[in-house]
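Here the structure comes first, spelled out in structure tokens, and everything after it is commentary.
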Amino acid sequence: MLNLEQKKAIVAEVSDVATNAQAAFAAEYSGLSVSEMTQLRANARNAGVYMRVVKNTLARRALEDTDFACLKDDLVGQLVLAFTNDDPAEAARLFRDFMKDHEALDFRALALNGLRMGPDELKRLADMPTRDQALAMLVGVLQAPIAKLVRTLAEPSNKLARTIAAIRDQKQTA
């Protein structure tokens, strides 16, 4: 049983993490074994995702004055809360991939910039490109007009070279 000071410390810690986070995730873990939960936590740690099991009343207090207060109605049952500071899609991929092999994990909701999204939005967020993929796509889009301009500018000289070559071949055969 937690005493009042421990509860205050947990609320302060989760509130601090939530204040600086870009996205929050809530999932019910009641059917997971200890080893499966340990694996989920290790995957989260490797992905840079803060994950914590918190009593729902303490979680509601911690999220009260944050962008994630919209999750308060979803805080029912045995929940694990996850927060990410970097890439929300990375955390969504973490849950999506883990749920493929572990049906006992029941994803409840996620919040992004104060907007609550249901479990169906998890797949959509997880399917978004990574930061590196998005930058590569942007470079490709920016590079296409430049490459086309270079080809267009080079075409007159290429055409002249082909014409001269054709005249040379014609004179050689004649």
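Just remember, in the structure tokens the first chain shown is A, the second B, etc., residues are 1-based per chain, and ligands are 1-based in the order shown.
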Review point. Tell me, which residues of segment 21-159 of chain A carry DSSP strand (DSSP E), written as a VMD selection string?
Key: chain A and resid 23 to 28 49 to 53 79 to 84 106 to 112 115 to 117
Review point. Which parts of chain A does DSSP call helix (DSSP H, G or I) when run on the backbone here, written out as an MDAnalysis selection string?
Key: chainID A and resid 4:20 34:47 56:63 69:74 88:101 120:126 131:173
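Closest approach to Ala92 of chain A from the set A:Ala9, A:Ala26, A:Leu75, A:Ile164 is made by A:Ala26, with distances taken over only C-alpha atoms.
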Mind checking which residues fall within 6 Å of segment 80-88 of chain A, counting only C-alpha atoms, ignoring those fewer than 5 positions away in the same chain, and posting them as an mmCIF file with N, CA, C and O atoms, in the first residue's frame?
```
data_model
loop_
_atom_site.group_PDB
_atom_site.id
_atom_site.type_symbol
_atom_site.label_atom_id
_atom_site.label_comp_id
_atom_site.auth_asym_id
_atom_site.auth_seq_id
_atom_site.Cartn_x
_atom_site.Cartn_y
_atom_site.Cartn_z
ATOM 1 N N ALA A 21 5.529 15.682 -22.866
ATOM 2 C CA ALA A 21 5.320 14.660 -23.901
ATOM 3 C C ALA A 21 4.510 15.203 -25.076
ATOM 4 O O ALA A 21 3.734 16.148 -24.939
ATOM 5 N N GLN A 22 4.702 14.576 -26.236
ATOM 6 C CA GLN A 22 3.923 14.912 -27.431
ATOM 7 C C GLN A 22 2.675 14.057 -27.548
ATOM 8 O O GLN A 22 1.681 14.493 -28.111
ATOM 9 N N ALA A 23 2.742 12.825 -27.055
ATOM 10 C CA ALA A 23 1.611 11.903 -27.174
ATOM 11 C C ALA A 23 1.539 10.999 -25.954
ATOM 12 O O ALA A 23 2.551 10.716 -25.324
ATOM 13 N N ALA A 24 0.311 10.558 -25.652
ATOM 14 C CA ALA A 24 0.085 9.629 -24.547
ATOM 15 C C ALA A 24 -0.740 8.457 -25.054
ATOM 16 O O ALA A 24 -1.615 8.630 -25.915
ATOM 17 N N PHE A 25 -0.468 7.278 -24.512
ATOM 18 C CA PHE A 25 -1.146 6.052 -24.918
ATOM 19 C C PHE A 25 -1.635 5.332 -23.674
ATOM 20 O O PHE A 25 -0.930 5.310 -22.663
ATOM 21 N N ALA A 26 -2.808 4.714 -23.764
ATOM 22 C CA ALA A 26 -3.346 3.942 -22.647
ATOM 23 C C ALA A 26 -3.773 2.572 -23.168
ATOM 24 O O ALA A 26 -4.481 2.473 -24.176
ATOM 25 N N ALA A 27 -3.336 1.520 -22.477
ATOM 26 C CA ALA A 27 -3.685 0.161 -22.875
ATOM 27 C C ALA A 27 -3.902 -0.688 -21.629
ATOM 28 O O ALA A 27 -3.217 -0.522 -20.624
ATOM 29 N N VAL A 49 10.300 5.406 -25.167
ATOM 30 C CA VAL A 49 8.937 5.654 -24.691
ATOM 31 C C VAL A 49 8.904 5.431 -23.181
ATOM 32 O O VAL A 49 9.356 4.388 -22.695
ATOM 33 N N TYR A 50 8.370 6.404 -22.436
ATOM 34 C CA TYR A 50 8.208 6.284 -20.988
ATOM 35 C C TYR A 50 6.933 5.496 -20.738
ATOM 36 O O TYR A 50 5.864 5.855 -21.237
ATOM 37 N N MET A 51 7.042 4.424 -19.978
ATOM 38 C CA MET A 51 5.877 3.580 -19.711
ATOM 39 C C MET A 51 5.758 3.381 -18.213
ATOM 40 O O MET A 51 6.748 3.129 -17.530
ATOM 41 N N ARG A 52 4.515 3.462 -17.722
ATOM 42 C CA ARG A 52 4.308 3.349 -16.279
ATOM 43 C C ARG A 52 2.928 2.778 -15.998
ATOM 44 O O ARG A 52 1.948 3.161 -16.619
ATOM 45 N N VAL A 53 2.865 1.866 -15.049
ATOM 46 C CA VAL A 53 1.588 1.383 -14.535
ATOM 47 C C VAL A 53 1.271 2.252 -13.323
ATOM 48 O O VAL A 53 2.060 2.332 -12.388
#
```
Point to revise | Long-range neighbours of Ala69 of chain A as a list in words, 10 Å cut-off, only C-alpha atoms, 5 positions minimum in chain | key: Ala18, Ala59, Arg60, Arg61, Ala62, Leu63, Glu64, Ala111, Gly114, Leu115 and Arg116 of chain A
Residues just named, written with N, CA, C and O atoms as a short mmCIF file (atom, residue, chain, number, x, y, z; two decimals), in the first residue's frame:
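What ended up in selection12.cif:
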```cif
data_model
loop_
_atom_site.label_atom_id
_atom_site.label_comp_id
_atom_site.auth_asym_id
_atom_site.auth_seq_id
_atom_site.Cartn_x
_atom_site.Cartn_y
_atom_site.Cartn_z
N ALA A 18 4.16 13.92 -18.55
CA ALA A 18 3.04 14.26 -19.43
C ALA A 18 3.13 15.70 -19.93
O ALA A 18 2.77 15.99 -21.08
N ALA A 59 -3.46 8.55 -11.87
CA ALA A 59 -3.27 8.94 -13.26
C ALA A 59 -4.18 10.12 -13.61
O ALA A 59 -3.75 11.05 -14.30
N ARG A 60 -5.43 10.08 -13.16
CA ARG A 60 -6.34 11.20 -13.43
C ARG A 60 -5.80 12.50 -12.84
O ARG A 60 -5.86 13.54 -13.47
N ARG A 61 -5.27 12.42 -11.62
CA ARG A 61 -4.70 13.62 -11.00
C ARG A 61 -3.47 14.10 -11.75
O ARG A 61 -3.26 15.30 -11.93
N ALA A 62 -2.64 13.18 -12.20
CA ALA A 62 -1.41 13.54 -12.90
C ALA A 62 -1.70 14.18 -14.25
O ALA A 62 -0.98 15.08 -14.68
N LEU A 63 -2.74 13.73 -14.93
CA LEU A 63 -3.06 14.24 -16.26
C LEU A 63 -4.00 15.45 -16.24
O LEU A 63 -4.27 16.02 -17.30
N GLU A 64 -4.44 15.84 -15.05
CA GLU A 64 -5.45 16.89 -14.89
C GLU A 64 -5.15 18.17 -15.66
O GLU A 64 -5.98 18.67 -16.40
N ALA A 111 -3.73 10.11 -27.09
CA ALA A 111 -3.99 11.55 -27.15
C ALA A 111 -2.80 12.23 -27.78
O ALA A 111 -1.65 11.91 -27.49
N GLY A 114 -3.76 17.26 -27.13
CA GLY A 114 -5.04 17.52 -26.49
C GLY A 114 -6.23 16.89 -27.19
O GLY A 114 -7.36 17.09 -26.78
N LEU A 115 -6.01 16.13 -28.21
CA LEU A 115 -7.09 15.49 -28.96
C LEU A 115 -7.07 13.99 -28.69
O LEU A 115 -6.07 13.32 -28.95
N ARG A 116 -8.19 13.48 -28.16
CA ARG A 116 -8.30 12.05 -27.87
C ARG A 116 -8.64 11.30 -29.15
O ARG A 116 -9.48 11.71 -29.93
#
```
Point to revise | Which residue of A:Met117, A:Val11, A:Met137, A:Ala174 approaches Val54 of chain A most closely, using only C-alpha atoms | key: A:Val11
**Study point:** Nearest-residue call for Asp73 of chain A, choices A:Leu138, A:Ile167, A:Met1, A:Ala109, using only C-alpha atoms
**Key:** A:Ala109
Practice item. Write out as a ChimeraX atom specification the residues lying within 8 Å of Leu125 of chain A, counting only C-alpha atoms and excluding same-chain residues fewer than 3 positions away. Key: /A:88-89,92-93,121-122,128
Only all heavy atoms, please: the residues just picked out, written as a CSV table (one decimal), in the first residue's frame.
```
chain,number,residue,atom,x,y,z
A,88,PRO,N,5.5,10.2,-32.1
A,88,PRO,CA,4.3,9.5,-31.7
A,88,PRO,C,4.1,8.3,-32.5
A,88,PRO,O,3.6,7.3,-32.1
A,88,PRO,CB,3.2,10.5,-31.9
A,88,PRO,CG,3.9,11.9,-31.9
A,88,PRO,CD,5.2,11.6,-32.4
A,89,ALA,N,4.5,8.3,-33.8
A,89,ALA,CA,4.3,7.1,-34.7
A,89,ALA,C,5.2,6.0,-34.2
A,89,ALA,O,4.8,4.8,-34.3
A,89,ALA,CB,4.6,7.5,-36.1
A,92,ALA,N,3.3,4.3,-31.4
A,92,ALA,CA,2.2,3.6,-32.0
A,92,ALA,C,2.6,2.3,-32.6
A,92,ALA,O,1.9,1.3,-32.5
A,92,ALA,CB,1.5,4.5,-33.0
A,93,ARG,N,3.8,2.3,-33.3
A,93,ARG,CA,4.3,1.1,-33.9
A,93,ARG,C,4.7,0.1,-32.8
A,93,ARG,O,4.5,-1.1,-33.0
A,93,ARG,CB,5.5,1.4,-34.8
A,93,ARG,CG,5.1,1.9,-36.2
A,93,ARG,CD,6.4,2.0,-37.1
A,93,ARG,NE,7.2,3.1,-36.8
A,93,ARG,CZ,7.0,4.4,-37.1
A,93,ARG,NH1,6.0,4.7,-37.8
A,93,ARG,NH2,7.9,5.3,-36.8
A,121,GLU,N,-7.4,4.6,-34.4
A,121,GLU,CA,-6.5,5.6,-34.9
A,121,GLU,C,-5.0,5.1,-34.7
A,121,GLU,O,-4.1,5.7,-35.3
A,121,GLU,CB,-6.7,6.9,-34.2
A,121,GLU,CG,-8.0,7.5,-34.5
A,121,GLU,CD,-8.2,7.9,-36.0
A,121,GLU,OE1,-7.2,8.3,-36.6
A,121,GLU,OE2,-9.3,7.8,-36.5
A,122,LEU,N,-4.8,4.1,-33.9
A,122,LEU,CA,-3.5,3.6,-33.6
A,122,LEU,C,-2.8,3.1,-34.9
A,122,LEU,O,-1.7,3.4,-35.2
A,122,LEU,CB,-3.5,2.5,-32.5
A,122,LEU,CG,-2.2,1.8,-32.2
A,122,LEU,CD1,-1.3,2.8,-31.4
A,122,LEU,CD2,-2.4,0.5,-31.5
A,128,MET,N,2.2,5.8,-40.3
A,128,MET,CA,2.9,7.0,-40.8
A,128,MET,C,4.4,6.8,-41.0
A,128,MET,O,5.0,5.9,-40.3
A,128,MET,CB,2.7,8.2,-39.8
A,128,MET,CG,1.3,8.7,-39.8
A,128,MET,SD,1.1,10.0,-38.6
A,128,MET,CE,2.0,11.3,-39.4
```
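Closest to Arg108 of chain A among A:Leu135, A:Ala166, A:Ala12, A:Val76 is A:Val76, based on only C-alpha atoms.
Note that the spacing between atom CA of Arg96 of chain A and atom CA of Thr66 of chain A amounts to 25.1 Å.
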Exercise for review: Would you list the contacts of Gly77 of chain A as a PyMOL selection string, taking every protein, DNA or RNA residue within 9 Å and counting only C-alpha atoms, but skipping same-chain residues closer than 2 positions in sequence?
Suggested key: chain A and resi 28-30+56+74-75+79
Selection export as a short mmCIF file (atom, residue, chain, number, x, y, z; two decimals), in the first residue's frame, atoms kept: all heavy atoms:
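Okay, result_19.cif is ready:
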```cif
data_model
loop_
_atom_site.label_atom_id
_atom_site.label_comp_id
_atom_site.auth_asym_id
_atom_site.auth_seq_id
_atom_site.Cartn_x
_atom_site.Cartn_y
_atom_site.Cartn_z
N GLU A 28 -4.87 -1.60 -21.73
CA GLU A 28 -5.13 -2.51 -20.62
C GLU A 28 -4.26 -3.75 -20.78
O GLU A 28 -4.22 -4.36 -21.84
CB GLU A 28 -6.60 -2.91 -20.57
CG GLU A 28 -6.92 -3.72 -19.34
CD GLU A 28 -8.42 -3.91 -19.13
OE1 GLU A 28 -9.21 -3.39 -19.93
OE2 GLU A 28 -8.76 -4.60 -18.15
N TYR A 29 -3.57 -4.10 -19.71
CA TYR A 29 -2.60 -5.19 -19.76
C TYR A 29 -3.02 -6.40 -18.94
O TYR A 29 -2.23 -7.33 -18.76
CB TYR A 29 -1.24 -4.69 -19.26
CG TYR A 29 -1.24 -4.35 -17.79
CD1 TYR A 29 -0.86 -5.28 -16.84
CD2 TYR A 29 -1.61 -3.08 -17.36
CE1 TYR A 29 -0.87 -4.97 -15.49
CE2 TYR A 29 -1.62 -2.76 -16.02
CZ TYR A 29 -1.25 -3.71 -15.09
OH TYR A 29 -1.26 -3.40 -13.77
N SER A 30 -4.25 -6.48 -18.51
CA SER A 30 -4.67 -7.48 -17.52
C SER A 30 -4.40 -8.93 -17.94
O SER A 30 -4.18 -9.78 -17.09
CB SER A 30 -6.15 -7.32 -17.18
OG SER A 30 -6.92 -7.47 -18.36
N ASN A 56 -5.45 4.32 -11.42
CA ASN A 56 -6.25 5.23 -12.25
C ASN A 56 -6.55 6.56 -11.57
O ASN A 56 -6.55 7.60 -12.22
CB ASN A 56 -7.55 4.54 -12.69
CG ASN A 56 -7.26 3.37 -13.61
OD1 ASN A 56 -6.28 3.36 -14.33
ND2 ASN A 56 -8.13 2.38 -13.58
N ASP A 74 -11.06 7.21 -20.14
CA ASP A 74 -10.50 5.93 -20.56
C ASP A 74 -9.70 5.25 -19.45
O ASP A 74 -9.26 4.11 -19.62
CB ASP A 74 -9.60 6.12 -21.79
CG ASP A 74 -10.38 6.61 -22.98
OD1 ASP A 74 -11.30 5.90 -23.41
OD2 ASP A 74 -10.07 7.71 -23.48
N LEU A 75 -9.50 5.93 -18.37
CA LEU A 75 -8.67 5.39 -17.28
C LEU A 75 -9.50 4.48 -16.38
O LEU A 75 -9.87 4.81 -15.27
CB LEU A 75 -8.04 6.53 -16.48
CG LEU A 75 -7.13 7.46 -17.28
CD1 LEU A 75 -6.61 8.59 -16.40
CD2 LEU A 75 -5.98 6.69 -17.90
N LEU A 79 -4.41 -0.45 -16.34
CA LEU A 79 -3.84 0.26 -17.48
C LEU A 79 -2.35 0.52 -17.33
O LEU A 79 -1.85 0.72 -16.23
CB LEU A 79 -4.53 1.62 -17.68
CG LEU A 79 -5.99 1.60 -18.03
CD1 LEU A 79 -6.50 3.03 -18.20
CD2 LEU A 79 -6.24 0.83 -19.31
#
```
Study note, to complete from the structure: Students should find that atom CA of Thr130 of chain A and atom CA of Ala91 of chain A are spaced 11.1 Å
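Across the model, the gap from atom CA of Asn113 of chain A to atom CA of Phe68 of chain A is 7.7 Å.
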